[in-house]
Amino acid sequence: MSRIQAAFEQLAKNRRKALIPFVTAGDPEPETTVSLMHGLVEAGADVIELGVPFSDPMADGPVIQRASDRALRHGVGLHQVLAFVREFRATDQATPVVLMGYANPIEAMGAARFAAEAQQAGVDGVLVVDYPPEECESFADLMRGHGMDLIFLLAPTSSDARIAQVARLASGYLYYVSLKGVTGAGHLDLAEVAAKIPHIRRATKLPVGVGFGIRDGATAKAVAQFADAVVIGSAIIQQMEAAPAGEQVRYAGRFLQGIRAALDAK
Amino acid sequence: MKVHDLPDSHGHFGPYGGIFVAETLIEALDELRIAYEKYRSDPEFIAEFRYDLKHYVGRPSPVYHCKRWSGLLGGAQIYLKREDLNHTGAHKINNTLGQAMLARRMGKPRIIAETGAGMHGVATATVAARYGLECVVYMGSEDVRRQAANVHRMKILGASVVPVESGSKTLKDALNEAMRDWVTNIHNTYYIIGTVAGPHPYPMMVRDFQSVIGEECLLQMPELAGRQPDAVIACVGGGSNAMGIFHPYIPVDGVRLIGVEAAGLGLASGKHAASLTAGRPGVLHGNRTYLLQDANGQIIETHSISAGLDYPGVGPEHAWLKDTGRAEYVTITDDEALKAFHDLCHFEGIIPALESSHALAHAAKIAPAMSKDKVLLVNLSGRGDKDMHTVAEKSGIHF
């Protein structure tokens, strides 16, 4: 059983919802990333989505663009991201790590080499934003062959036929984008999320996470009524941007604890 | 597989092209593909497009024989396809007209576009004004500075121009920002991409609308020169003017197709925009194609004296034409392009765009070694009025 599947089964047994923070590897500095990952786990993260910096993050809003830019200024690339995961795994063998990013850094490394090195580093899943199912059949085979989950996005505009097509190739969990827009936008429509999730459930038994636009505990709690997991990215990065130097990990952890408490409240 | 039957139904030109976008854009692209498939063969749509190309754009654009310049070069005869004489001063209007017609039929009241030199932005603002559509143009802040006159033209035509401050602040970043707008406003917005790049169906659709350039040449060259050219030469940034003139010539035997990329300060300097010549395949802006990128797969900043060629990728069909050998791709530096710019001004009384000057420079480079009965057809994709500021600065003149 994969680490992701195990984590979700354990959560379901305990009737808890998964909390999935997203942070960009190498932001604000390469030295921060591994301690940040451990800090997020201590604050209640069940899975960590680690962003791979890319020069042209088309699906991301300004907050994650800035995070990517800061990481790139330190020259953080895919090799170093895998090194972060390896270091994290040395002391945490339980928390699943999902890499999230764009196709080109993976293609530049070579998909086969990436699959082998990611597995060896302890990566559990990969979400390639600009690899829709029709363009990544062979990449999906590679991921499966190396025991990693390939995670896909679904959108408010995804039809039932499209949801079924994505679900056929997906594993680990599905990530429902809760709004029409980029990451960190501020117009999540709860009623729309509530209406869409049953369509996804009909097509798959995989856990469904919801993200893009969740900024606080109340929204997280509301979304968790329908979803198995809540993904928070931009809001954490903004906490870190507001933190004094050296305090970023503490600020991110404190913020995530608040979300955790809201999620777990009866 | 014949190279001119592409793309396949998923937008692939061999290993290039495709639909590499986030799930949030898939339905919008499906909707666009279905609409375009319906209208591309619709007689009424085609008739309206032809009518507007004639009466609004001023087509057919003439082909002109540069007798004096050819004589001075002493070799092959150089002919120019005068896209600079189109309404708005470049080939870009052929595509924006076609796509705006599609947007209206799809019931989208709002148009967005990216622009580099500003010519596509102006052509988009123009058709938006004509059809009464809201228009927002994204433009890198560096390009806003370089192309102030075009920014003002767009505003006069009623468009909003949004300066993009992210990344390298040029065309690629404007494209990213337009994509972000589109994903947020899919319900009422049509995105007019200005070049033969992006996710399917854009590379095919923009090529189809631009192919009028080459189709006219097929008829005009026998009339004017007595035969088809030995080579067709066009500049390549994203590659729309080149694709427009190349595509009808792909099945014509004996016609060389030569794309000219921007070598900027020289390929060795690293400051250039020659993705086909110096890049390697990867994924950006919705398609797989040749890209200028570093070892980590990050897209690198490009340089060209012409904003319209300042792009780190290239249309996927060009990538395929390169690999199959049907087209060849060469480079011209900023300085070589500037010399051709001045030569065409001096010897023919035509002020070419700096983009098109790259194609002219390559023609001037190869013509002298060819015999006088050889024929080179250069796509003069736009006029150079917009470049006065850049050219003056290069000569140490400040307005």
# chains A, B, ... in the order shown; residues from 1 in each chain; ligands from 1
>>> interface_residues(of="chain B", to="chain A", cutoff="6 Å", atoms="only C-alpha atoms", output="ChimeraX atom specification")
/B:20-24,176,183-184,282-283,296-299
>>> write_last_selection(atoms="N, CA, C and O atoms", output="short mmCIF file (atom, residue, chain, number, x, y, z; two decimals), in the first residue's frame")
data_model
loop_
_atom_site.label_atom_id
_atom_site.label_comp_id
_atom_site.auth_asym_id
_atom_site.auth_seq_id
_atom_site.Cartn_x
_atom_site.Cartn_y
_atom_site.Cartn_z
N PHE B 20 -0.89 20.91 -23.55
CA PHE B 20 -0.24 20.84 -22.24
C PHE B 20 -0.71 22.00 -21.38
O PHE B 20 -0.01 23.00 -21.25
N VAL B 21 -1.92 21.86 -20.84
CA VAL B 21 -2.46 22.94 -20.00
C VAL B 21 -3.05 22.32 -18.74
O VAL B 21 -3.33 21.12 -18.68
N ALA B 22 -3.29 23.19 -17.74
CA ALA B 22 -3.95 22.75 -16.53
C ALA B 22 -5.39 22.37 -16.86
O ALA B 22 -5.99 22.88 -17.81
N GLU B 23 -5.93 21.48 -16.04
CA GLU B 23 -7.30 20.99 -16.24
C GLU B 23 -8.31 22.14 -16.33
O GLU B 23 -9.32 22.04 -17.03
N THR B 24 -7.99 23.24 -15.68
CA THR B 24 -8.90 24.39 -15.65
C THR B 24 -9.13 24.99 -17.03
O THR B 24 -10.08 25.75 -17.22
N ASN B 176 1.72 34.29 -20.18
CA ASN B 176 1.33 33.68 -18.90
C ASN B 176 0.16 34.42 -18.28
O ASN B 176 -0.80 33.83 -17.80
N VAL B 183 -8.34 31.75 -17.63
CA VAL B 183 -8.82 30.69 -16.75
C VAL B 183 -9.81 31.26 -15.71
O VAL B 183 -10.70 30.57 -15.25
N THR B 184 -9.65 32.54 -15.40
CA THR B 184 -10.51 33.18 -14.42
C THR B 184 -11.83 33.64 -15.05
O THR B 184 -12.86 33.73 -14.38
N GLY B 282 10.90 20.93 -25.23
CA GLY B 282 10.35 20.95 -23.89
C GLY B 282 8.90 21.38 -23.96
O GLY B 282 8.32 21.42 -25.06
N VAL B 283 8.31 21.70 -22.81
CA VAL B 283 6.90 22.05 -22.74
C VAL B 283 6.73 23.44 -22.15
O VAL B 283 7.20 23.71 -21.05
N ASN B 296 18.13 23.09 -15.74
CA ASN B 296 17.04 22.73 -14.84
C ASN B 296 15.66 22.79 -15.50
O ASN B 296 14.65 22.62 -14.84
N GLY B 297 15.63 23.14 -16.80
CA GLY B 297 14.34 23.26 -17.48
C GLY B 297 13.64 24.59 -17.21
O GLY B 297 12.45 24.72 -17.46
N GLN B 298 14.37 25.57 -16.67
CA GLN B 298 13.79 26.91 -16.50
C GLN B 298 13.96 27.66 -17.82
O GLN B 298 15.00 27.56 -18.47
N ILE B 299 12.92 28.41 -18.19
CA ILE B 299 12.96 29.15 -19.44
C ILE B 299 13.89 30.35 -19.25
O ILE B 299 13.82 31.04 -18.23
#
>>> residues_around(residues="stretch 314-324 of chain B", least_positions_apart="2", cutoff="10 Å", atoms="only C-alpha atoms", output="PyMOL selection string")
chain B and resi 3-4+6-7+11-18+195-199+202-204+207+236-240+242-243+246-247+250+257-259+261+273-277+279-281+284+287-292+309+311-312+326-329
>>> write_last_selection(atoms="C-alpha atoms", output="PDB file, in the first residue's frame")
ATOM      1  CA  VAL B   3       4.045  17.114 -43.335  1.00  0.00           C
ATOM      2  CA  HIS B   4       1.242  19.316 -44.644  1.00  0.00           C
ATOM      3  CA  LEU B   6      -0.861  17.936 -39.758  1.00  0.00           C
ATOM      4  CA  PRO B   7      -1.751  18.325 -36.963  1.00  0.00           C
ATOM      5  CA  GLY B  11      -2.929  18.874 -32.224  1.00  0.00           C
ATOM      6  CA  HIS B  12       0.305  16.928 -32.640  1.00  0.00           C
ATOM      7  CA  PHE B  13       2.864  17.729 -35.300  1.00  0.00           C
ATOM      8  CA  GLY B  14       4.979  14.613 -34.905  1.00  0.00           C
ATOM      9  CA  PRO B  15       6.219  14.803 -31.299  1.00  0.00           C
ATOM     10  CA  TYR B  16       5.402  18.530 -31.041  1.00  0.00           C
ATOM     11  CA  GLY B  17       2.269  20.553 -30.277  1.00  0.00           C
ATOM     12  CA  GLY B  18      -0.457  18.968 -28.169  1.00  0.00           C
ATOM     13  CA  THR B 195       1.098  33.369 -33.005  1.00  0.00           C
ATOM     14  CA  VAL B 196       1.189  29.737 -34.120  1.00  0.00           C
ATOM     15  CA  ALA B 197       1.997  28.532 -30.597  1.00  0.00           C
ATOM     16  CA  GLY B 198      -0.052  27.631 -27.526  1.00  0.00           C
ATOM     17  CA  PRO B 199      -2.288  24.620 -26.967  1.00  0.00           C
ATOM     18  CA  TYR B 202      -4.267  27.612 -31.722  1.00  0.00           C
ATOM     19  CA  PRO B 203      -1.207  26.606 -33.796  1.00  0.00           C
ATOM     20  CA  MET B 204      -3.459  25.122 -36.487  1.00  0.00           C
ATOM     21  CA  ARG B 207      -1.776  29.058 -39.344  1.00  0.00           C
ATOM     22  CA  VAL B 236      10.476  33.493 -36.922  1.00  0.00           C
ATOM     23  CA  GLY B 237       9.663  34.536 -33.370  1.00  0.00           C
ATOM     24  CA  GLY B 238       6.563  32.530 -32.499  1.00  0.00           C
ATOM     25  CA  GLY B 239       6.397  31.979 -36.244  1.00  0.00           C
ATOM     26  CA  SER B 240       2.982  33.135 -37.498  1.00  0.00           C
ATOM     27  CA  ALA B 242       6.492  32.436 -41.523  1.00  0.00           C
ATOM     28  CA  MET B 243       3.862  29.710 -41.130  1.00  0.00           C
ATOM     29  CA  PHE B 246       5.338  28.638 -45.749  1.00  0.00           C
ATOM     30  CA  HIS B 247       2.286  26.469 -45.358  1.00  0.00           C
ATOM     31  CA  ILE B 250       5.075  22.955 -48.204  1.00  0.00           C
ATOM     32  CA  LEU B 257      11.569  27.390 -46.949  1.00  0.00           C
ATOM     33  CA  ILE B 258      13.938  29.429 -44.794  1.00  0.00           C
ATOM     34  CA  GLY B 259      12.990  30.678 -41.344  1.00  0.00           C
ATOM     35  CA  GLU B 261      15.557  33.544 -36.051  1.00  0.00           C
ATOM     36  CA  ALA B 273      16.029  34.369 -29.214  1.00  0.00           C
ATOM     37  CA  ALA B 274      16.948  31.488 -31.541  1.00  0.00           C
ATOM     38  CA  SER B 275      14.917  28.631 -30.044  1.00  0.00           C
ATOM     39  CA  LEU B 276      15.055  26.319 -33.076  1.00  0.00           C
ATOM     40  CA  THR B 277      18.756  26.884 -33.656  1.00  0.00           C
ATOM     41  CA  GLY B 279      17.183  25.409 -27.960  1.00  0.00           C
ATOM     42  CA  ARG B 280      15.946  21.913 -27.195  1.00  0.00           C
ATOM     43  CA  PRO B 281      12.468  20.410 -26.986  1.00  0.00           C
ATOM     44  CA  LEU B 284       5.794  25.666 -22.400  1.00  0.00           C
ATOM     45  CA  ASN B 287       2.653  22.880 -26.390  1.00  0.00           C
ATOM     46  CA  ARG B 288       5.793  20.809 -26.820  1.00  0.00           C
ATOM     47  CA  THR B 289       8.349  22.587 -28.967  1.00  0.00           C
ATOM     48  CA  TYR B 290      11.918  23.869 -29.072  1.00  0.00           C
ATOM     49  CA  LEU B 291      12.638  26.122 -26.088  1.00  0.00           C
ATOM     50  CA  LEU B 292      15.493  28.210 -24.787  1.00  0.00           C
ATOM     51  CA  LEU B 309      11.003  38.013 -32.034  1.00  0.00           C
ATOM     52  CA  TYR B 311      10.265  34.831 -27.400  1.00  0.00           C
ATOM     53  CA  PRO B 312      11.927  31.683 -25.957  1.00  0.00           C
ATOM     54  CA  ARG B 326      11.255  20.557 -45.058  1.00  0.00           C
ATOM     55  CA  ALA B 327      12.243  23.971 -43.734  1.00  0.00           C
ATOM     56  CA  GLU B 328      15.660  25.254 -42.705  1.00  0.00           C
ATOM     57  CA  TYR B 329      16.263  27.723 -39.915  1.00  0.00           C
TER      58      TYR B 329
END
>>> atom_distance(atom1="atom CA of B:Gly244", atom2="atom CA of B:Arg110")
26.3 Å
>>> closest_residue(among="A:Thr91, A:Asp46, A:Val208, A:Arg254", to="A:Val193", atoms="only C-alpha atoms")
A:Val208
>>> select_by_dssp(residues="stretch 44-217 of chain A", states="strand (DSSP E or B)", output="number ranges by chain")
A: 48-51, 97-101, 125-128, 149-150, 152-154, 174-177, 208-211
>>> write_last_selection(atoms="N, CA, C and O atoms", output="tab-separated table (two decimals), in the first residue's frame")
chain	number	residue	atom	x	y	z
A	48	ILE	N	2.33	16.46	2.48
A	48	ILE	CA	2.95	17.73	2.09
A	48	ILE	C	3.05	17.81	0.59
A	48	ILE	O	3.55	16.89	-0.06
A	49	GLU	N	2.51	18.89	0.05
A	49	GLU	CA	2.74	19.17	-1.37
A	49	GLU	C	3.90	20.14	-1.47
A	49	GLU	O	3.84	21.26	-0.95
A	50	LEU	N	4.94	19.69	-2.16
A	50	LEU	CA	6.15	20.49	-2.29
A	50	LEU	C	6.23	21.01	-3.72
A	50	LEU	O	6.32	20.23	-4.67
A	51	GLY	N	6.18	22.33	-3.85
A	51	GLY	CA	6.19	22.93	-5.18
A	51	GLY	C	7.58	22.93	-5.78
A	51	GLY	O	8.55	23.29	-5.12
A	97	VAL	N	4.85	12.72	0.69
A	97	VAL	CA	5.29	13.95	0.03
A	97	VAL	C	4.89	13.88	-1.46
A	97	VAL	O	5.21	12.89	-2.13
A	98	VAL	N	4.20	14.92	-1.89
A	98	VAL	CA	3.78	15.01	-3.29
A	98	VAL	C	4.50	16.19	-3.93
A	98	VAL	O	4.46	17.30	-3.39
A	99	LEU	N	5.15	15.95	-5.04
A	99	LEU	CA	5.77	17.07	-5.78
A	99	LEU	C	4.72	17.66	-6.71
A	99	LEU	O	4.01	16.94	-7.40
A	100	MET	N	4.63	18.99	-6.72
A	100	MET	CA	3.68	19.66	-7.60
A	100	MET	C	4.43	20.68	-8.43
A	100	MET	O	5.20	21.48	-7.89
A	101	GLY	N	4.24	20.62	-9.72
A	101	GLY	CA	4.94	21.58	-10.56
A	101	GLY	C	4.55	21.43	-12.02
A	101	GLY	O	3.47	20.91	-12.33
A	125	GLY	N	4.06	10.94	-4.54
A	125	GLY	CA	3.13	11.28	-5.62
A	125	GLY	C	3.63	12.49	-6.38
A	125	GLY	O	4.47	13.25	-5.88
A	126	VAL	N	3.11	12.65	-7.59
A	126	VAL	CA	3.53	13.77	-8.43
A	126	VAL	C	2.29	14.36	-9.09
A	126	VAL	O	1.43	13.62	-9.59
A	127	LEU	N	2.20	15.68	-9.05
A	127	LEU	CA	1.12	16.39	-9.74
A	127	LEU	C	1.77	17.34	-10.74
A	127	LEU	O	2.44	18.29	-10.34
A	128	VAL	N	1.62	17.03	-12.02
A	128	VAL	CA	2.20	17.88	-13.06
A	128	VAL	C	1.06	18.71	-13.65
A	128	VAL	O	0.18	18.19	-14.33
A	149	ASP	N	2.21	7.70	-6.95
A	149	ASP	CA	0.88	8.08	-7.43
A	149	ASP	C	0.97	9.28	-8.35
A	149	ASP	O	1.79	10.18	-8.13
A	150	LEU	N	0.12	9.27	-9.39
A	150	LEU	CA	0.03	10.44	-10.27
A	150	LEU	C	-1.30	11.12	-9.93
A	150	LEU	O	-2.37	10.53	-10.05
A	152	PHE	N	-4.08	14.19	-10.23
A	152	PHE	CA	-4.58	15.09	-11.27
A	152	PHE	C	-5.52	16.13	-10.68
A	152	PHE	O	-6.15	15.93	-9.65
A	153	LEU	N	-5.60	17.24	-11.40
A	153	LEU	CA	-6.55	18.29	-11.05
A	153	LEU	C	-7.89	18.02	-11.74
A	153	LEU	O	-7.93	17.46	-12.83
A	154	LEU	N	-8.96	18.45	-11.08
A	154	LEU	CA	-10.26	18.54	-11.73
A	154	LEU	C	-10.74	19.97	-11.51
A	154	LEU	O	-10.37	20.61	-10.53
A	174	LEU	N	-7.57	12.80	-5.80
A	174	LEU	CA	-7.87	13.77	-6.85
A	174	LEU	C	-7.92	15.15	-6.22
A	174	LEU	O	-8.34	15.31	-5.07
A	175	TYR	N	-7.50	16.12	-6.96
A	175	TYR	CA	-7.39	17.47	-6.43
A	175	TYR	C	-8.39	18.33	-7.18
A	175	TYR	O	-8.21	18.61	-8.36
A	176	TYR	N	-9.47	18.71	-6.48
A	176	TYR	CA	-10.49	19.53	-7.12
A	176	TYR	C	-10.17	21.01	-6.93
A	176	TYR	O	-10.02	21.49	-5.81
A	177	VAL	N	-10.06	21.72	-8.04
A	177	VAL	CA	-9.77	23.16	-8.03
A	177	VAL	C	-11.08	23.88	-7.75
A	177	VAL	O	-12.01	23.80	-8.54
A	208	VAL	N	-10.93	12.77	-2.31
A	208	VAL	CA	-11.00	14.01	-3.07
A	208	VAL	C	-10.52	15.17	-2.19
A	208	VAL	O	-11.07	15.41	-1.11
A	209	GLY	N	-9.49	15.84	-2.64
A	209	GLY	CA	-9.00	17.04	-1.95
A	209	GLY	C	-9.52	18.27	-2.66
A	209	GLY	O	-9.80	18.24	-3.86
A	210	VAL	N	-9.66	19.37	-1.92
A	210	VAL	CA	-10.10	20.62	-2.52
A	210	VAL	C	-9.08	21.70	-2.19
A	210	VAL	O	-8.62	21.80	-1.05
A	211	GLY	N	-8.75	22.49	-3.19
A	211	GLY	CA	-7.79	23.57	-2.96
A	211	GLY	C	-7.99	24.71	-3.94
A	211	GLY	O	-8.96	24.71	-4.70
>>> residues_around(residues="B:Ile93", least_positions_apart="3", cutoff="8 Å", atoms="only C-alpha atoms", output="list in words")
Val57, Asn86, His87, Thr88, Ala90, Thr96, Leu97, His120, Ala123 and Thr124 of chain B
>>> residues_around(residues="A:Thr32", least_positions_apart="2", cutoff="12 Å", atoms="only C-alpha atoms", output="count of residues only")
27
>>> select_by_dssp(residues="stretch 12-217 of chain A", states="helix (DSSP H, G or I)", output="PyMOL selection string")
chain A and resi 12-13+30-42+62-73+78-91+103-109+111-121+133-135+137-145+160-169+190-203+217
>>> atom_distance(atom1="atom CA of A:Val41", atom2="atom CA of A:Ala18")
11.7 Å
>>> closest_residue(among="B:His65, B:Lys271, B:Arg227, B:Arg104", to="B:His303", atoms="only C-alpha atoms")
B:Lys271
>>> residues_around(residues="stretch 160-162 of chain B", least_positions_apart="2", cutoff="8 Å", atoms="only C-alpha atoms", output="ChimeraX atom specification")
/B:135-139,151,154-155,158,164
>>> write_last_selection(atoms="all heavy atoms", output="PDB file, in the first residue's frame")
ATOM      1  N   CYS B 135     -11.881  44.795 -24.755  1.00  0.00           N
ATOM      2  CA  CYS B 135     -10.556  44.277 -25.121  1.00  0.00           C
ATOM      3  C   CYS B 135      -9.515  44.611 -24.057  1.00  0.00           C
ATOM      4  O   CYS B 135      -9.370  45.769 -23.656  1.00  0.00           O
ATOM      5  CB  CYS B 135     -10.141  44.879 -26.468  1.00  0.00           C
ATOM      6  SG  CYS B 135      -8.535  44.305 -27.047  1.00  0.00           S
ATOM      7  N   VAL B 136      -8.815  43.591 -23.584  1.00  0.00           N
ATOM      8  CA  VAL B 136      -7.726  43.763 -22.617  1.00  0.00           C
ATOM      9  C   VAL B 136      -6.464  43.141 -23.213  1.00  0.00           C
ATOM     10  O   VAL B 136      -6.475  41.980 -23.608  1.00  0.00           O
ATOM     11  CB  VAL B 136      -8.064  43.088 -21.269  1.00  0.00           C
ATOM     12  CG1 VAL B 136      -6.897  43.225 -20.296  1.00  0.00           C
ATOM     13  CG2 VAL B 136      -9.328  43.676 -20.666  1.00  0.00           C
ATOM     14  N   VAL B 137      -5.397  43.931 -23.279  1.00  0.00           N
ATOM     15  CA  VAL B 137      -4.152  43.437 -23.867  1.00  0.00           C
ATOM     16  C   VAL B 137      -3.063  43.379 -22.798  1.00  0.00           C
ATOM     17  O   VAL B 137      -2.807  44.371 -22.104  1.00  0.00           O
ATOM     18  CB  VAL B 137      -3.685  44.337 -25.027  1.00  0.00           C
ATOM     19  CG1 VAL B 137      -2.366  43.821 -25.604  1.00  0.00           C
ATOM     20  CG2 VAL B 137      -4.745  44.401 -26.126  1.00  0.00           C
ATOM     21  N   TYR B 138      -2.446  42.218 -22.645  1.00  0.00           N
ATOM     22  CA  TYR B 138      -1.339  42.057 -21.705  1.00  0.00           C
ATOM     23  C   TYR B 138      -0.022  42.258 -22.452  1.00  0.00           C
ATOM     24  O   TYR B 138       0.198  41.702 -23.521  1.00  0.00           O
ATOM     25  CB  TYR B 138      -1.389  40.669 -21.061  1.00  0.00           C
ATOM     26  CG  TYR B 138      -2.557  40.548 -20.112  1.00  0.00           C
ATOM     27  CD1 TYR B 138      -3.791  40.073 -20.548  1.00  0.00           C
ATOM     28  CD2 TYR B 138      -2.442  40.989 -18.804  1.00  0.00           C
ATOM     29  CE1 TYR B 138      -4.883  40.009 -19.695  1.00  0.00           C
ATOM     30  CE2 TYR B 138      -3.523  40.931 -17.936  1.00  0.00           C
ATOM     31  CZ  TYR B 138      -4.735  40.440 -18.386  1.00  0.00           C
ATOM     32  OH  TYR B 138      -5.801  40.389 -17.528  1.00  0.00           O
ATOM     33  N   MET B 139       0.839  43.066 -21.847  1.00  0.00           N
ATOM     34  CA  MET B 139       2.101  43.423 -22.504  1.00  0.00           C
ATOM     35  C   MET B 139       3.180  43.545 -21.439  1.00  0.00           C
ATOM     36  O   MET B 139       2.978  44.209 -20.414  1.00  0.00           O
ATOM     37  CB  MET B 139       1.893  44.758 -23.226  1.00  0.00           C
ATOM     38  CG  MET B 139       3.020  45.188 -24.138  1.00  0.00           C
ATOM     39  SD  MET B 139       2.448  46.599 -25.143  1.00  0.00           S
ATOM     40  CE  MET B 139       3.841  46.810 -26.250  1.00  0.00           C
ATOM     41  N   VAL B 151       1.350  51.243 -27.646  1.00  0.00           N
ATOM     42  CA  VAL B 151       0.512  51.238 -26.448  1.00  0.00           C
ATOM     43  C   VAL B 151      -0.556  52.321 -26.594  1.00  0.00           C
ATOM     44  O   VAL B 151      -1.740  52.087 -26.333  1.00  0.00           O
ATOM     45  CB  VAL B 151       1.356  51.487 -25.174  1.00  0.00           C
ATOM     46  CG1 VAL B 151       0.469  51.666 -23.954  1.00  0.00           C
ATOM     47  CG2 VAL B 151       2.326  50.315 -24.962  1.00  0.00           C
ATOM     48  N   MET B 154      -3.294  51.302 -29.071  1.00  0.00           N
ATOM     49  CA  MET B 154      -4.272  50.366 -28.491  1.00  0.00           C
ATOM     50  C   MET B 154      -5.280  51.105 -27.622  1.00  0.00           C
ATOM     51  O   MET B 154      -6.478  50.846 -27.682  1.00  0.00           O
ATOM     52  CB  MET B 154      -3.551  49.294 -27.671  1.00  0.00           C
ATOM     53  CG  MET B 154      -2.832  48.270 -28.518  1.00  0.00           C
ATOM     54  SD  MET B 154      -2.067  46.978 -27.519  1.00  0.00           S
ATOM     55  CE  MET B 154      -0.396  47.550 -27.390  1.00  0.00           C
ATOM     56  N   LYS B 155      -4.766  52.066 -26.838  1.00  0.00           N
ATOM     57  CA  LYS B 155      -5.656  52.808 -25.934  1.00  0.00           C
ATOM     58  C   LYS B 155      -6.648  53.646 -26.735  1.00  0.00           C
ATOM     59  O   LYS B 155      -7.826  53.734 -26.401  1.00  0.00           O
ATOM     60  CB  LYS B 155      -4.840  53.669 -24.980  1.00  0.00           C
ATOM     61  CG  LYS B 155      -4.140  52.831 -23.911  1.00  0.00           C
ATOM     62  CD  LYS B 155      -3.357  53.676 -22.932  1.00  0.00           C
ATOM     63  CE  LYS B 155      -2.710  52.789 -21.862  1.00  0.00           C
ATOM     64  NZ  LYS B 155      -1.693  53.534 -21.079  1.00  0.00           N
ATOM     65  N   GLY B 158      -9.552  51.902 -27.786  1.00  0.00           N
ATOM     66  CA  GLY B 158     -10.498  51.522 -26.734  1.00  0.00           C
ATOM     67  C   GLY B 158     -10.078  50.343 -25.887  1.00  0.00           C
ATOM     68  O   GLY B 158     -10.835  49.881 -25.036  1.00  0.00           O
ATOM     69  N   VAL B 164       2.761  43.892 -17.675  1.00  0.00           N
ATOM     70  CA  VAL B 164       3.041  42.689 -16.900  1.00  0.00           C
ATOM     71  C   VAL B 164       4.436  42.813 -16.293  1.00  0.00           C
ATOM     72  O   VAL B 164       5.427  42.990 -17.008  1.00  0.00           O
ATOM     73  CB  VAL B 164       2.944  41.433 -17.796  1.00  0.00           C
ATOM     74  CG1 VAL B 164       3.339  40.181 -17.021  1.00  0.00           C
ATOM     75  CG2 VAL B 164       1.532  41.301 -18.347  1.00  0.00           C
TER      76      VAL B 164
END
>>> residues_around(residues="A:Gly44", least_positions_apart="4", cutoff="8 Å", atoms="only C-alpha atoms", output="PyMOL selection string")
chain A and resi 19+40+256-257+260
>>> atom_distance(atom1="atom CA of A:Ala243", atom2="atom CA of A:Glu42")
18.7 Å
